Each structure stands twice: as structure tokens, then as C-alpha cells.
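Novice: This is query-v2.cif, which holds mmCIF, C-alpha atoms:
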data_entry
#
loop_
_atom_site.label_atom_id
_atom_site.label_comp_id
_atom_site.auth_asym_id
_atom_site.auth_seq_id
_atom_site.Cartn_x
_atom_site.Cartn_y
_atom_site.Cartn_z
CA MET G 1166 11.41 77.18 63.08
CA SER G 1167 14.41 76.51 60.93
CA ARG G 1168 14.99 80.27 60.68
CA ILE G 1169 15.04 80.50 64.46
CA LEU G 1170 17.48 77.59 64.62
CA LEU G 1171 19.60 79.24 61.97
CA GLY G 1172 19.60 82.49 63.92
CA VAL G 1173 20.50 80.75 67.16
CA SER G 1174 23.26 78.85 65.41
CA ALA G 1175 24.61 82.06 63.90
CA VAL G 1176 24.64 83.74 67.30
CA ALA G 1177 26.29 80.68 68.89
CA LEU G 1178 28.89 80.62 66.14
CA ALA G 1179 29.59 84.31 66.62
CA VAL G 1180 29.96 83.85 70.37
CA ALA G 1181 32.20 80.83 69.86
CA GLY G 1182 34.30 82.75 67.35
CA GLY G 1183 34.56 85.68 69.73
CA LEU G 1184 35.60 83.38 72.58
CA TYR G 1185 38.12 81.68 70.33
CA TRP G 1186 39.77 84.99 69.43
CA GLN G 1187 39.63 86.17 73.01
CA THR G 1188 41.40 83.00 74.11
CA LYS G 1189 43.94 83.38 71.35
CA LEU G 1190 44.62 86.99 72.36
CA LEU G 1191 44.88 85.99 76.01
CA GLY G 1192 47.33 83.25 75.07
CA ALA G 1193 49.45 85.74 73.16
CA GLU G 1194 49.37 88.11 76.10
CA ILE G 1195 50.38 85.37 78.51
CA THR G 1196 53.29 84.43 76.23
CA ALA G 1197 54.35 88.07 76.02
CA LEU G 1198 54.15 88.40 79.81
CA ARG G 1199 56.22 85.24 80.26
CA VAL G 1200 58.89 86.59 77.91
CA ALA G 1201 58.87 89.91 79.78
CA LYS G 1202 59.19 88.06 83.10
CA ASP G 1203 62.13 85.99 81.82
CA THR G 1204 63.81 89.12 80.48
CA ALA G 1205 63.27 90.94 83.78
CA GLU G 1206 64.65 87.98 85.71
CA ALA G 1207 67.72 87.82 83.47
CA SER G 1208 68.22 91.56 83.85
CA LEU G 1209 67.81 91.30 87.63
CA SER G 1210 70.34 88.50 87.72
CA THR G 1211 72.83 90.59 85.73
CA LYS G 1212 72.19 93.62 87.94
CA THR G 1213 72.69 91.50 91.06
CA ALA G 1214 75.98 90.19 89.70
CA GLU G 1215 77.04 93.73 88.75
CA LEU G 1216 76.13 94.96 92.21
CA ALA G 1217 78.18 92.18 93.79
CA VAL G 1218 81.15 93.11 91.59
CA ALA G 1219 80.75 96.80 92.46
CA GLN G 1220 80.55 95.95 96.16
CA ASN G 1221 83.70 93.89 95.84
CA ALA G 1222 85.41 96.80 94.03
CA ALA G 1223 84.44 99.13 96.89
CA ARG G 1224 85.72 96.64 99.45
CA VAL G 1225 89.03 96.19 97.58
CA LEU G 1226 89.42 99.96 97.22
CA SER G 1227 88.75 100.49 100.90
CA ALA G 1228 91.38 97.90 101.87
CA GLN G 1229 93.82 99.35 99.36
CA LYS G 1230 93.28 102.86 100.77
CA ALA G 1231 93.96 101.71 104.32
CA GLU G 1232 97.12 100.00 103.10
CA ALA G 1233 98.21 103.13 101.20
CA LEU G 1234 97.69 105.31 104.27
CA GLU G 1235 99.75 102.92 106.38
CA ARG G 1236 102.50 102.87 103.74
CA ALA G 1237 102.50 106.69 103.53
CA LYS G 1238 102.86 106.94 107.30
CA GLN G 1239 105.74 104.47 107.36
CA ALA G 1240 107.47 106.38 104.54
CA GLU G 1241 106.98 109.68 106.40
CA ASP G 1242 108.48 108.21 109.59
CA LEU G 1243 111.38 106.87 107.58
CA ARG G 1244 112.01 110.26 105.96
CA ALA G 1245 112.00 111.89 109.38
CA ALA G 1246 114.48 109.26 110.65
CA ILE G 1247 116.78 109.91 107.68
CA VAL G 1248 116.64 113.70 108.11
CA GLU G 1249 117.28 113.40 111.85
CA GLY G 1250 120.04 110.85 111.32
CA ASN G 1251 118.25 108.32 113.53
CA SER G 1252 120.22 105.18 112.81
CA ASP G 1253 118.19 103.04 115.20
CA ALA G 1254 115.03 103.63 113.17
CA LEU G 1255 116.84 102.66 109.96
CA GLU G 1256 117.94 99.37 111.48
CA THR G 1257 114.33 98.19 111.67
CA VAL G 1258 113.62 98.77 107.96
CA GLY G 1259 113.34 95.47 106.14
CA GLY G 1260 113.85 94.39 102.55
CA SER G 1261 116.14 95.85 99.93
CA LEU G 1262 115.19 99.40 100.94
CA GLY G 1263 116.48 98.73 104.46
CA ASP G 1264 119.68 97.23 103.07
CA ALA G 1265 120.21 100.22 100.76
CA LEU G 1266 119.61 102.70 103.57
CA ARG G 1267 122.03 100.91 105.88
CA ILE G 1268 124.68 100.83 103.15
CA LEU G 1269 124.12 104.55 102.63
CA ARG G 1270 124.36 105.19 106.35
CA ALA G 1271 127.59 103.21 106.52
CA ALA G 1272 128.98 105.09 103.50
CA THR G 1273 128.11 108.42 105.15
CA ALA G 1274 129.85 107.30 108.32
CA VAL G 1275 132.98 106.33 106.36
CA GLY G 1276 132.92 109.71 104.60
CA ASP G 1277 132.64 111.48 107.92
CA CYS G 1278 135.50 109.51 109.36
CA GLU G 1279 137.75 110.22 106.41
CA GLY G 1280 137.01 113.90 106.64
CA GLY G 1281 137.52 114.01 110.40
CA VAL G 1282 140.33 113.27 112.77
CA GLY G 1283 140.40 109.64 111.89
CA GLY G 1284 140.49 106.73 114.32
CA ALA G 1285 137.63 107.77 116.58
CA GLY G 1286 134.86 107.40 114.02
CA GLY G 1287 135.91 103.98 112.93
CA ALA G 1288 134.39 102.05 115.79
CA GLY G 1289 130.66 101.79 115.13
CA GLY G 1290 130.68 103.09 111.63
CA VAL G 1291 127.45 105.01 112.25
CA ALA G 1292 127.16 108.64 111.26
CA PRO G 1293 126.66 110.35 114.64
CA ALA G 1294 129.81 108.77 116.12
CA GLY G 1295 131.91 109.78 113.14
CA ARG G 1296 130.57 113.31 113.20
CA GLY G 1297 131.20 113.62 116.90
CA ALA G 1298 134.90 112.95 116.41
CA GLN G 1299 135.42 115.78 113.95
CA PRO G 1300 137.15 118.95 115.16
CA MET T 1406 78.79 92.56 82.65
CA VAL T 1407 81.43 95.27 82.75
CA PRO T 1408 83.65 95.24 85.85
CA GLU T 1409 83.79 98.51 87.73
CA VAL T 1410 87.32 99.62 88.47
CA PRO T 1411 87.35 102.74 90.68
CA GLU T 1412 88.87 105.75 88.96
CA GLU T 1413 91.43 106.14 91.77
CA LEU T 1414 93.03 102.84 90.93
CA ARG T 1415 93.48 103.85 87.30
CA GLN T 1416 95.50 106.96 88.04
CA PRO T 1417 99.29 106.83 87.58
CA VAL T 1418 101.31 106.95 90.78
CA ALA T 1419 103.46 110.06 90.89
CA VAL T 1420 106.97 110.08 92.30
CA PRO T 1421 107.48 113.43 94.04
CA SER T 1422 110.29 115.51 92.61
CA ARG T 1423 112.96 116.14 95.19
CA GLU T 1424 115.98 118.35 94.99
CA VAL T 1425 119.18 116.45 95.60
CA ARG T 1426 122.11 118.40 96.93
CA PRO T 1427 125.73 117.56 96.03
CA LEU T 1428 126.97 114.61 98.01
CA ASP T 1429 130.00 116.35 99.49
CA LYS T 1430 127.77 119.02 101.05
CA GLY T 1431 124.57 117.22 101.90
CA GLY T 1432 125.83 113.77 102.69
CA LEU T 1433 123.91 110.74 101.42
CA ASP T 1434 120.69 111.50 103.26
CA ASP T 1435 119.10 112.86 100.11
CA ILE T 1436 119.74 109.63 98.31
CA GLY T 1437 118.02 107.87 101.21
CA LEU T 1438 114.99 110.15 100.86
CA LEU T 1439 114.85 109.46 97.13
CA LEU T 1440 115.01 105.73 97.78
CA VAL T 1441 112.11 106.03 100.22
CA ASP T 1442 110.11 108.08 97.70
CA PHE T 1443 110.62 105.54 94.95
CA ASP T 1444 109.91 102.63 97.24
CA GLU T 1445 106.68 104.26 98.39
CA ALA T 1446 105.59 105.08 94.82
CA LEU T 1447 106.41 101.59 93.59
CA GLY T 1448 104.50 100.10 96.52
CA ALA T 1449 101.49 102.30 95.76
CA ALA T 1450 101.56 101.37 92.05
CA ASN T 1451 101.81 97.66 92.83
CA SER T 1452 99.03 97.96 95.37
CA ASN T 1453 96.77 99.50 92.68
CA ILE T 1454 97.65 96.75 90.23
CA VAL T 1455 96.88 94.05 92.80
CA ALA T 1456 93.56 95.74 93.68
CA ILE T 1457 92.53 96.01 90.00
CA ASP T 1458 93.49 92.38 89.48
CA ALA T 1459 91.32 91.31 92.44
CA ILE T 1460 88.34 93.23 91.00
CA LEU T 1461 88.78 91.77 87.51
CA ILE T 1462 89.14 88.21 88.83
CA ASP T 1463 85.99 88.66 90.92
CA ALA T 1464 84.07 90.02 87.92
CA LYS T 1465 85.25 87.14 85.72
CA GLU T 1466 84.24 84.55 88.31
CA LYS T 1467 80.78 86.10 88.65
CA ALA T 1468 80.36 86.32 84.87
CA ASP T 1469 81.38 82.66 84.49
CA ALA T 1470 78.99 81.64 87.27
CA SER T 1471 76.07 83.49 85.69
CA ARG T 1472 76.86 81.93 82.28
CA VAL T 1473 76.74 78.44 83.79
CA ARG T 1474 73.30 79.14 85.34
#
Please rewrite the model in this file as C-alpha cells.
Specialist:
Amino acid sequence: MSRILLGVSAVALAVAGGLYWQTKLLGAEITALRVAKDTAEASLSTKTAELAVAQNAARVLSAQKAEALERAKQAEDLRAAIVEGNSDALETVGGSLGDALRILRAATAVGDCEGGVGGAGGAGGVAPAGRGAQP
Amino acid sequence: MVPEVPEELRQPVAVPSREVRPLDKGGLDDIGLLLVDFDEALGAANSNIVAIDAILIDAKEKADASRVR
């Protein structure tokens, strides 16, 4: 009888031990999974932030490109106005560039007047008038 | 987190070379063209700098926000 009890106890102990280790292993696995989940979440958060930054960079670049195209067009129009001697177009240019161009235009007009007949070009001071008065 | 600055914004802005004729023959128009070239190039360079600054500020704000969380 006692041998049977001993055997049953041994089996029960073995089962209990097995369960204990199984639980311990499961606990370790759960901890590892939790750590992996936290790491994945942190990584996802970083990736999301990086994506937002990249999206902002693309948006900024797109705006900057549109601005650059507009600026290039304005510069091209201005060059054409200078080559054609279109004083009216130069009058609308703002800032120090506009001032410099108008001073240049005035200087050209003075030069033309000096080189020409004289008096006639003096009136407006703009290049076409001065040129028109030359012989 | 490393901010992404598009390669285009990191390129130097070139000022086109332009032949300038003597003033007594070509008038001052060429000077005007040069002024326009330089103004355009300076505007483009400043525009790139402003764009890069906007990207870096955005990246810094997002990095700070994620650090707080």
C-alpha cells in the first residue's frame, strides 16, 4: 500500500514539477513577447515620426519648387524687358533690384543724351526717348 | 531620428556666366542682366536655406515630442 502511495506521490511530484517548469517557461515567453511588443511599438512610433518628417520635407520641397519656378519666370520676363528696352516693365520691379535697374536705365538715358544732339533726350530721361533724338 | 533633407536643397545655386560687353558699345543693359541673374541666384539660395530650416525645425519638434512621450 505504502509503495503504491509512494508511486502515486512520485508521479504527482513529477507532474507538478513539469507544470511548474512549463509555467516558468510560459512566463519567460510572455515577458519576451512583451519586450518585443514594446520594442515594436517604439520602432513604429519612430517610423511614424520619421514618415511625418519626410512628408513635411516633401511638402516643403514642393512649395519651394513652385516658388523657384515662379521666380525663374519673373527673372526671364525681366531679362526680356531689359533686352527689349521696355522701361515700363522695369518700373514695376520692386526692391533694391528695381532701384538698381532704374538707376541703370537713367544712366543709359543720360549717356544716350550726351552722345546725341542734346536737349531733346533730356525730358523723360528714359532710353528710348534719348535714342530717338540722335541723328 | 535623422531628418531627411532632399538632395535638391543641398546643391549649390549656380550663377550663370554671362558675357558682358564694353559699356560704351553695349550700354548698361548687360549690367542689368547680371543684376537679375545674381538676384535670381541669391533668391534661389535663400529659398533653399529657408526650406532646409523648415525641415530641420519640424524634425526637431517631432523628436522633442516623441522624447516627452
Novice: Per residue of chain G within 8 Å of chain T, what are the shortest atom pair and its distance in Å to one decimal, counting only C-alpha atoms, with rows by chain and residue number, as a tab-separated table?
Specialist:
residue	atom	partner	partner_atom	distance
G:Ser1210	CA	T:Ser1471	CA	7.9
G:Thr1211	CA	T:Met1406	CA	7.0
G:Ala1214	CA	T:Lys1467	CA	6.4
G:Glu1215	CA	T:Met1406	CA	6.5
G:Val1218	CA	T:Ala1464	CA	5.6
G:Ala1219	CA	T:Glu1409	CA	5.9
G:Asn1221	CA	T:Ile1460	CA	6.7
G:Ala1222	CA	T:Ile1460	CA	5.5
G:Ala1223	CA	T:Pro1411	CA	7.8
G:Val1225	CA	T:Ala1456	CA	6.0
G:Leu1226	CA	T:Ala1456	CA	6.9
G:Gln1229	CA	T:Ser1452	CA	6.7
G:Ala1233	CA	T:Ala1449	CA	6.4
G:Arg1236	CA	T:Glu1445	CA	6.9
G:Ala1237	CA	T:Glu1445	CA	7.1
G:Ala1240	CA	T:Val1441	CA	6.3
G:Leu1243	CA	T:Val1441	CA	7.4
G:Arg1244	CA	T:Leu1438	CA	5.9
G:Ile1247	CA	T:Asp1434	CA	6.1
G:Val1248	CA	T:Asp1434	CA	6.7
G:Leu1262	CA	T:Leu1440	CA	7.1
G:Ala1265	CA	T:Gly1437	CA	8.0
G:Leu1266	CA	T:Gly1437	CA	5.9
G:Leu1269	CA	T:Leu1433	CA	6.3
G:Arg1270	CA	T:Leu1433	CA	7.4
G:Ala1272	CA	T:Leu1433	CA	7.9
G:Thr1273	CA	T:Leu1433	CA	6.1
Novice: Enter the distance from CA of Val1418 (chain T) to CA of Glu1232 (chain G), in Å, rounded to one decimal.
Specialist: 14.8 Å
Novice: Could you jot down the CA of Leu1184 (chain G) to CA of Met1166 (chain G) separation for me, Å, one decimal place?
Specialist: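 Going from CA of Leu1184 (chain G) over to CA of Met1166 (chain G) covers 26.7 Å.
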Novice: To one decimal place in Å, what is the distance between CA of Pro1417 (chain T) and CA of Asp1264 (chain G)?
Specialist: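 Value for the CA of Pro1417 (chain T)-CA of Asp1264 (chain G) distance: 27.3 Å.
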